[in-house]
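Asks: After the structure tokens below, expect a handful of questions from me.
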Number of protein chains: 4
Amino acid sequence: MKSQKKLSFIEEARRNQIMTCAIEIISSRGYAQASLAQIAKEAGISKGVISYHFSSKDDLIEQIVSDLYESGSTFMTPYLAAQTTALGWINTYIEKNVLFMKSHRKHVIAVTEIIFHARDEEGKPRHFRNIDTDATINVLVKMLHRGTMEGDFREFTDFSARVLAATIRSAIDGLSFQLAASLDLDLDAYAKELVTIFQMAARKV
Amino acid sequence: MKSQKKLSFIEEARRNQIMTCAIEIISSRGYAQASLAQIAKEAGISKGVISYHFSSKDDLIEQIVSDLYESGSTFMTPYLAAQTTALGWINTYIEKNVLFMKSHRKHVIAVTEIIFHARDEEGKPRHFRNIDTDATINVLVKMLHRGTMEGDFREFTDFSARVLAATIRSAIDGLSFQLAASLDLDLDAYAKELVTIFQMAARKV
Amino acid sequence: MKSQKKLSFIEEARRNQIMTCAIEIISSRGYAQASLAQIAKEAGISKGVISYHFSSKDDLIEQIVSDLYESGSTFMTPYLAAQTTALGWINTYIEKNVLFMKSHRKHVIAVTEIIFHARDEEGKPRHFRNIDTDATINVLVKMLHRGTMEGDFREFTDFSARVLAATIRSAIDGLSFQLAASLDLDLDAYAKELVTIFQMAARKV
Amino acid sequence: MKSQKKLSFIEEARRNQIMTCAIEIISSRGYAQASLAQIAKEAGISKGVISYHFSSKDDLIEQIVSDLYESGSTFMTPYLAAQTTALGWINTYIEKNVLFMKSHRKHVIAVTEIIFHARDEEGKPRHFRNIDTDATINVLVKMLHRGTMEGDFREFTDFSARVLAATIRSAIDGLSFQLAASLDLDLDAYAKELVTIFQMAARKV
DNA sequence: CATGAATGAGCATTCATTCAT
DNA sequence: AATGAATGAATGCTCATTCAT
């Protein structure tokens, strides 16, 4: 038991080291530069180690993505669950998304890079948001309609709600790209501005 | 501002053919699929022809980008020049940007793909918007401040204007990604919604 | 037309050169040694050239196999077509098979190597002779039965004919392996001995 | 002739387990699939264990071969020793070889695979039969000549005896390849047919 | 005895680019 | 003006082997 735990600890440490190095390269130099050779060089190990700890490069990349989703969910969920109104939910959603970016800067940049590069075998984008089907947009749409019923938001058609939801997501996704280009962004202030912008854009007139 | 007038008719035609094929591949199958071999195959020519007409692959890619910027500018300028208020200018900017996407769908998708892939020698993103220096954002910021003076917009600090400007650009850039995923988007309606959203977000309370 | 023919000639020459080098390596050092790097080294070219002329390593290997089948068929067919009895046909089949090995020594050794190494994705042998379904065995079985009717061969059950047919093929296949180990085999004499052996094994008592 | 008596019971068991798993993989999926990783996985142990018990992969492979030779010899010797004539000896040799295959099916298939893949450092085949030097062929040649003296076989030159001996071996070796492709072969009947074939091929006219 | 971890060489393949014709 | 041919570096991946624990 003790030996297993220790070995598992080493394995876990290596996996984290490799993932951290991959994130470092992807966030600073882009997805295309993140070859196994570059990642291994950054980590000071041989290429084979990566293959030993991850079944494939895709596996490594997927781990980086799902790791972020997991910590994002863990971070966001309590805040969102505490909200009692749609207005509060959306404001919190925007604000906490941005603040999460602040604490996971490189990881978020890396995952954004990954998502915008991931293609299926035919070259079709794997993760681009389809305004009619994207899960995140659907949740935002539902909240916008709820906000209308609660008297905080203006009337929305399904389409107008979807466009606003997509615009909120674009603002957050776009911020991730800005992060890769701007090192000294004040994200607390940025979050407040975004909350203001979308609160005004959605509110009852 | 053509760089060289010496291009013969045939040469010009070949360049356009190659660029069109590259745009077709990049927009439909993604940047990674756009190898010279694939582009040549699509065009029904040999790889050498591309090298003959473009000094490098980067040169071809840059031409595709600057071509779009040129036609975008040609399309947008008269509409924007006709505006007498900042409010009108920004509404027009948003609306006509979206309509331009409608008429240059594949080219816009391709350039968006390129922009999010292009890196300099060190791996730094070549085109990501820096909120403090990006030319487009600067123009929007100027217009937002003018709108305040004209009594149509709320008060903005430099930072709050920059965040709103960046959000407008993110909405438009993000729409380009959606275009690659959603075939049947009603762009006229989408433009109107975006105009409404940002008019509300900027207006004087 | 002339230019096409000339270029096609160069291409043909390179393909033959590559195939010849691959045959040389496979026949002398075995299938496992025949990496693209080794073949390219033997040919004094870069690995890329092979990929340029063959769509894949499998393609190159398949060409080597089908080339031999084609020349084998071209060589054998007239002799076999000239035979009027089953006895003559089988004697000729054995004799000419061995003589063909004499003139295509390395190629035959290489293809035997290839055939005995080729596996499908699950590792199942692709070309091992199934006594009940192998096409070559089926032809020999038919001839054995015909020879019985013509009064030259003893009576065969289907099974006993199949075992004899398989034994004839094993003798020829096995000779190919011997060729890889024995440089100075007298194949004309060997052919005569095999003819004698199987004539005695099949004849009417 | 065991080389080392020091092997503990556990060590012996482990070696057998590893060899059995290697035989299973080689016989069912081919030599190329038999990486140490696959063998270790099949055995449910780590790769290191194999290296611990065998000095190298080649050592493991050689053990599988010599193990089969040893049990083959143990099985065959009493039957052959009981024969008083060359005719009886050769018939028994063929029949018992085939029956041994029946009882050691996978092991025989695996060893046949190994023999046709094993090469020395220079790539020369390690086990292909040289008609002039192969020990098994030499024994059969001696028996054929004895059979002539005993009045059962026709006259043989050294060469004609060697070809017949090689053909007998090819028939048996070839049967092993068939075993890998045909699951339901009646080996008792097959043995009888082979005895008939070679008795007829060798007999006095 | 056994393991997990790591290595480094080798694999087939793809790529942008160059060049003689 | 255009091409086919060739290059050499880089890619993700697998492998037998080694070694500290």
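In the structure tokens, the first chain shown is A, the next is B, and so on; residue numbers restart at 1 for each chain, and ligands run from 1 in the order shown.
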Do a neighbour search on Ser71 in chain B at 12 Å with only C-alpha atoms (C1' of nucleotides), toss out local chain neighbours closer than 3 positions, and write the hits as a ChimeraX atom specification.

Replies: /B:64-68,74-77,97,100-101,103-104,107-108

Asks: Against chain B, which residues of chain F fall within 12 Å? For each one I want the closest pair of atoms and the distance in Å (one decimal), counting only C-alpha atoms (C1' of nucleotides), rows by chain and increasing residue number, as a tab-separated table.

Replies:
residue	atom	partner	partner_atom	distance
F:DA1	C1'	B:Val49	CA	8.7
F:DA2	C1'	B:Val49	CA	6.3
F:DT3	C1'	B:Ser46	CA	6.7
F:DG4	C1'	B:Ser46	CA	8.3
F:DA5	C1'	B:Gly48	CA	10.6

Asks: Please produce an output containing N, CA, C and O atoms (P, O5', C5', C4', C3', O3' and C1' of nucleotides) for each residue in the selection, written as a PDB file, in the first residue's frame.

Replies:
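Just written: out.pdb:
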ATOM      1  P    DA F   1       5.916  34.890 -66.996  1.00  0.00           P
ATOM      2  O5'  DA F   1       5.648  33.326 -67.169  1.00  0.00           O
ATOM      3  C5'  DA F   1       4.688  32.905 -68.112  1.00  0.00           C
ATOM      4  C4'  DA F   1       4.457  31.439 -67.924  1.00  0.00           C
ATOM      5  C3'  DA F   1       3.950  31.059 -66.541  1.00  0.00           C
ATOM      6  O3'  DA F   1       2.878  30.151 -66.733  1.00  0.00           O
ATOM      7  C1'  DA F   1       5.934  29.843 -67.035  1.00  0.00           C
ATOM      8  P    DA F   2       2.173  29.501 -65.551  1.00  0.00           P
ATOM      9  O5'  DA F   2       2.978  28.153 -65.396  1.00  0.00           O
ATOM     10  C5'  DA F   2       2.998  27.269 -66.520  1.00  0.00           C
ATOM     11  C4'  DA F   2       3.824  26.055 -66.174  1.00  0.00           C
ATOM     12  C3'  DA F   2       3.445  25.387 -64.853  1.00  0.00           C
ATOM     13  O3'  DA F   2       2.835  24.157 -65.179  1.00  0.00           O
ATOM     14  C1'  DA F   2       5.811  25.498 -65.184  1.00  0.00           C
ATOM     15  P    DT F   3       2.339  23.199 -64.020  1.00  0.00           P
ATOM     16  O5'  DT F   3       3.558  22.181 -63.960  1.00  0.00           O
ATOM     17  C5'  DT F   3       4.002  21.590 -65.181  1.00  0.00           C
ATOM     18  C4'  DT F   3       5.185  20.702 -64.884  1.00  0.00           C
ATOM     19  C3'  DT F   3       4.975  19.879 -63.622  1.00  0.00           C
ATOM     20  O3'  DT F   3       4.969  18.512 -63.976  1.00  0.00           O
ATOM     21  C1'  DT F   3       7.132  20.890 -63.655  1.00  0.00           C
ATOM     22  P    DG F   4       4.226  17.487 -63.098  1.00  0.00           P
ATOM     23  O5'  DG F   4       5.406  16.439 -62.985  1.00  0.00           O
ATOM     24  C5'  DG F   4       6.282  16.251 -64.087  1.00  0.00           C
ATOM     25  C4'  DG F   4       7.639  15.805 -63.591  1.00  0.00           C
ATOM     26  C3'  DG F   4       7.599  14.714 -62.532  1.00  0.00           C
ATOM     27  O3'  DG F   4       8.737  13.900 -62.765  1.00  0.00           O
ATOM     28  C1'  DG F   4       8.654  16.621 -61.626  1.00  0.00           C
ATOM     29  P    DA F   5       8.931  12.560 -62.033  1.00  0.00           P
ATOM     30  O5'  DA F   5      10.192  12.876 -61.117  1.00  0.00           O
ATOM     31  C5'  DA F   5      11.350  13.432 -61.729  1.00  0.00           C
ATOM     32  C4'  DA F   5      12.282  13.925 -60.649  1.00  0.00           C
ATOM     33  C3'  DA F   5      12.442  12.958 -59.476  1.00  0.00           C
ATOM     34  O3'  DA F   5      13.816  12.664 -59.365  1.00  0.00           O
ATOM     35  C1'  DA F   5      12.017  15.170 -58.702  1.00  0.00           C
TER      36       DA F   5
END

Asks: Give me, as a ChimeraX atom specification, all polymer residues having an atom no more than 9 Å from DT17 in chain E, counting only C-alpha atoms (C1' of nucleotides) and skipping those fewer than 2 positions away in the same chain.

Replies: /B:51,56 /F:7

Asks: Take the residues that were just selected and, keeping N, CA and C atoms (P, O5', C5', C4', C3', O3' and C1' of nucleotides), output them as a tab-separated table (two decimals), in the first residue's frame.

Replies:
chain	number	residue	atom	x	y	z
B	51	SER	N	5.27	27.73	-55.35
B	51	SER	CA	6.56	28.32	-54.98
B	51	SER	C	7.01	29.34	-56.02
B	56	SER	N	7.04	32.15	-50.56
B	56	SER	CA	6.99	31.09	-49.55
B	56	SER	C	5.54	30.83	-49.20
F	7	DT	P	17.75	12.85	-53.00
F	7	DT	O5'	17.61	14.03	-51.97
F	7	DT	C5'	18.11	15.32	-52.35
F	7	DT	C4'	17.74	16.32	-51.27
F	7	DT	C3'	17.98	15.79	-49.85
F	7	DT	O3'	18.93	16.63	-49.24
F	7	DT	C1'	15.84	16.80	-50.05

Asks: Show me, as a list in words, every residue of chain C with an atom at most 8 Å from chain E, counting only C-alpha atoms (C1' of nucleotides).

Replies: Ser35, Leu36, Ser51 and Lys57 of chain C

Asks: Just the selected residues (all heavy atoms), exported as a JSON list (two decimals), in the first residue's frame, please.

Replies:
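Output (out.json):
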[["chain", "number", "residue", "atom", "x", "y", "z"],
["C", 35, "SER", "N", 13.70, -1.51, -43.65],
["C", 35, "SER", "CA", 13.07, -0.23, -43.32],
["C", 35, "SER", "C", 13.31, 0.75, -44.46],
["C", 35, "SER", "O", 14.21, 0.57, -45.28],
["C", 35, "SER", "CB", 13.66, 0.33, -42.03],
["C", 35, "SER", "OG", 15.00, 0.69, -42.23],
["C", 36, "LEU", "N", 12.48, 1.78, -44.52],
["C", 36, "LEU", "CA", 12.67, 2.79, -45.57],
["C", 36, "LEU", "C", 14.06, 3.38, -45.47],
["C", 36, "LEU", "O", 14.70, 3.68, -46.50],
["C", 36, "LEU", "CB", 11.61, 3.89, -45.43],
["C", 36, "LEU", "CG", 10.17, 3.48, -45.75],
["C", 36, "LEU", "CD1", 9.29, 4.72, -45.87],
["C", 36, "LEU", "CD2", 10.11, 2.71, -47.06],
["C", 51, "SER", "N", 8.89, 7.84, -50.50],
["C", 51, "SER", "CA", 7.52, 8.31, -50.27],
["C", 51, "SER", "C", 6.99, 9.07, -51.49],
["C", 51, "SER", "O", 5.80, 9.08, -51.76],
["C", 51, "SER", "CB", 7.48, 9.24, -49.06],
["C", 51, "SER", "OG", 7.82, 8.51, -47.89],
["C", 57, "LYS", "N", 4.85, 2.48, -47.66],
["C", 57, "LYS", "CA", 5.71, 1.31, -47.68],
["C", 57, "LYS", "C", 4.93, 0.09, -48.16],
["C", 57, "LYS", "O", 5.43, -0.71, -48.95],
["C", 57, "LYS", "CB", 6.29, 1.04, -46.29],
["C", 57, "LYS", "CG", 7.34, -0.03, -46.31],
["C", 57, "LYS", "CD", 7.83, -0.38, -44.93],
["C", 57, "LYS", "CE", 8.87, -1.50, -45.01],
["C", 57, "LYS", "NZ", 9.31, -1.93, -43.67]]

Asks: Can you list every residue in chain A that DSSP puts in helix (DSSP H, G or I), as a PyMOL selection string?

Replies: chain A and resi 2-29+31-33+36-43+47-53+57-81+86-103+105-117+135-149+158-181+187-202

Asks: Taking a cut-off of 7 Å and counting only C-alpha atoms, can you build a table that, for each residue of chain B near chain A, reports the nearest atom pair and how far apart they are in Å (one decimal), sorted by chain then residue number, as a tab-separated table?

Replies:
residue	atom	partner	partner_atom	distance
B:Arg29	CA	A:Gly123	CA	4.2
B:Gly30	CA	A:Gly123	CA	5.7
B:Gln33	CA	A:Gly123	CA	6.7
B:Glu122	CA	A:Arg29	CA	6.9
B:Gly123	CA	A:Arg29	CA	4.1
B:Lys124	CA	A:Arg29	CA	5.5
B:Phe128	CA	A:Ala181	CA	6.0
B:Arg129	CA	A:Gln178	CA	5.8
B:Asn130	CA	A:Ser182	CA	5.5
B:Ile131	CA	A:Gln178	CA	7.0
B:Ser160	CA	A:Glu193	CA	6.2
B:Val163	CA	A:Glu193	CA	6.8
B:Thr167	CA	A:Ala171	CA	5.3
B:Ser170	CA	A:Gly174	CA	5.3
B:Ala171	CA	A:Thr167	CA	5.3
B:Gly174	CA	A:Ser170	CA	5.3
B:Phe177	CA	A:Phe128	CA	6.2
B:Gln178	CA	A:Arg129	CA	5.8
B:Ala181	CA	A:Asn130	CA	5.7
B:Ser182	CA	A:Asn130	CA	5.7
B:Tyr190	CA	A:Val163	CA	6.8
B:Glu193	CA	A:Ser160	CA	6.2
B:Ile197	CA	A:Ala201	CA	5.0
B:Phe198	CA	A:Ala201	CA	6.7
B:Met200	CA	A:Ala201	CA	5.0
B:Ala201	CA	A:Ala201	CA	4.7

Asks: Restricting the output to N, CA and C atoms, write the selected residues as a JSON list (two decimals), in the first residue's frame.

Replies:
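Now in result-v8.json:
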[["chain", "number", "residue", "atom", "x", "y", "z"],
["B", 29, "ARG", "N", -11.60, 22.87, -44.32],
["B", 29, "ARG", "CA", -10.94, 21.78, -43.62],
["B", 29, "ARG", "C", -9.94, 22.23, -42.56],
["B", 30, "GLY", "N", -9.74, 23.55, -42.45],
["B", 30, "GLY", "CA", -8.87, 24.06, -41.40],
["B", 30, "GLY", "C", -7.45, 24.31, -41.87],
["B", 33, "GLN", "N", -4.82, 21.43, -42.53],
["B", 33, "GLN", "CA", -4.97, 20.62, -43.73],
["B", 33, "GLN", "C", -4.41, 21.31, -44.97],
["B", 122, "GLU", "N", 9.41, 33.29, -32.95],
["B", 122, "GLU", "CA", 9.51, 32.87, -31.54],
["B", 122, "GLU", "C", 8.25, 32.17, -31.05],
["B", 123, "GLY", "N", 7.24, 32.12, -31.89],
["B", 123, "GLY", "CA", 6.02, 31.48, -31.49],
["B", 123, "GLY", "C", 4.98, 32.45, -30.94],
["B", 124, "LYS", "N", 5.31, 33.72, -30.95],
["B", 124, "LYS", "CA", 4.33, 34.70, -30.45],
["B", 124, "LYS", "C", 3.21, 34.90, -31.46],
["B", 128, "PHE", "N", -3.08, 38.42, -32.58],
["B", 128, "PHE", "CA", -4.02, 38.53, -31.46],
["B", 128, "PHE", "C", -4.13, 39.98, -31.05],
["B", 129, "ARG", "N", -5.33, 40.39, -30.67],
["B", 129, "ARG", "CA", -5.56, 41.80, -30.35],
["B", 129, "ARG", "C", -5.02, 42.14, -28.96],
["B", 130, "ASN", "N", -4.14, 43.09, -28.92],
["B", 130, "ASN", "CA", -3.70, 43.65, -27.65],
["B", 130, "ASN", "C", -4.60, 44.83, -27.35],
["B", 131, "ILE", "N", -5.27, 44.74, -26.22],
["B", 131, "ILE", "CA", -6.31, 45.73, -25.93],
["B", 131, "ILE", "C", -5.77, 47.16, -25.89],
["B", 160, "SER", "N", -12.60, 51.39, -19.61],
["B", 160, "SER", "CA", -13.95, 50.85, -19.87],
["B", 160, "SER", "C", -14.28, 50.95, -21.35],
["B", 163, "VAL", "N", -12.44, 47.98, -23.03],
["B", 163, "VAL", "CA", -13.10, 46.69, -22.81],
["B", 163, "VAL", "C", -14.32, 46.57, -23.72],
["B", 167, "THR", "N", -14.84, 43.95, -26.69],
["B", 167, "THR", "CA", -16.00, 43.06, -26.68],
["B", 167, "THR", "C", -16.73, 43.10, -28.03],
["B", 170, "SER", "N", -14.63, 41.06, -30.29],
["B", 170, "SER", "CA", -14.77, 39.63, -29.97],
["B", 170, "SER", "C", -16.08, 39.08, -30.51],
["B", 171, "ALA", "N", -17.13, 39.89, -30.44],
["B", 171, "ALA", "CA", -18.43, 39.44, -30.96],
["B", 171, "ALA", "C", -18.34, 39.16, -32.46],
["B", 174, "GLY", "N", -15.83, 36.26, -33.04],
["B", 174, "GLY", "CA", -16.46, 35.02, -32.62],
["B", 174, "GLY", "C", -17.51, 34.55, -33.62],
["B", 177, "PHE", "N", -16.03, 32.29, -36.22],
["B", 177, "PHE", "CA", -15.91, 30.88, -35.81],
["B", 177, "PHE", "C", -17.24, 30.17, -35.92],
["B", 178, "GLN", "N", -18.31, 30.86, -35.51],
["B", 178, "GLN", "CA", -19.63, 30.25, -35.63],
["B", 178, "GLN", "C", -19.97, 29.92, -37.07],
["B", 181, "ALA", "N", -18.99, 26.65, -38.18],
["B", 181, "ALA", "CA", -19.72, 25.53, -37.58],
["B", 181, "ALA", "C", -21.20, 25.52, -37.97],
["B", 182, "SER", "N", -21.78, 26.69, -38.22],
["B", 182, "SER", "CA", -23.22, 26.76, -38.52],
["B", 182, "SER", "C", -23.41, 27.25, -39.95],
["B", 190, "TYR", "N", -28.72, 38.58, -37.40],
["B", 190, "TYR", "CA", -27.63, 38.57, -36.42],
["B", 190, "TYR", "C", -27.04, 39.97, -36.28],
["B", 193, "GLU", "N", -29.25, 42.19, -34.17],
["B", 193, "GLU", "CA", -29.16, 41.87, -32.74],
["B", 193, "GLU", "C", -27.88, 42.44, -32.13],
["B", 197, "ILE", "N", -27.57, 45.02, -29.09],
["B", 197, "ILE", "CA", -26.81, 44.68, -27.88],
["B", 197, "ILE", "C", -25.82, 45.79, -27.53],
["B", 198, "PHE", "N", -25.04, 46.21, -28.50],
["B", 198, "PHE", "CA", -23.98, 47.17, -28.18],
["B", 198, "PHE", "C", -24.50, 48.60, -28.07],
["B", 200, "MET", "N", -27.33, 49.21, -26.60],
["B", 200, "MET", "CA", -27.78, 49.22, -25.21],
["B", 200, "MET", "C", -26.62, 49.25, -24.23],
["B", 201, "ALA", "N", -25.57, 48.55, -24.60],
["B", 201, "ALA", "CA", -24.43, 48.47, -23.69],
["B", 201, "ALA", "C", -23.68, 49.80, -23.58]]

Asks: Among range 57-205 of chain C, which residues does DSSP mark as strand (DSSP E or B) when it is run on the backbone? Keep the chain and numbering as in the structure and answer as a list in words.

Replies: Arg119, Pro125, Phe153 and Arg203 of chain C

Asks: CA of Lys142 in chain B and CA of Ile109 in chain B, how far apart in Å?

Replies: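 About the pair CA of Ile109 in chain B and CA of Lys142 in chain B: they are 27.8 Å apart.
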
Asks: So, counting only C-alpha atoms, which residue among C:Ile50, C:Val195, C:Leu87, C:Ala13 is closest to Glu150 in chain C?

Replies: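 That would be C:Leu87, the residue with the smallest distance to Glu150 in chain C.
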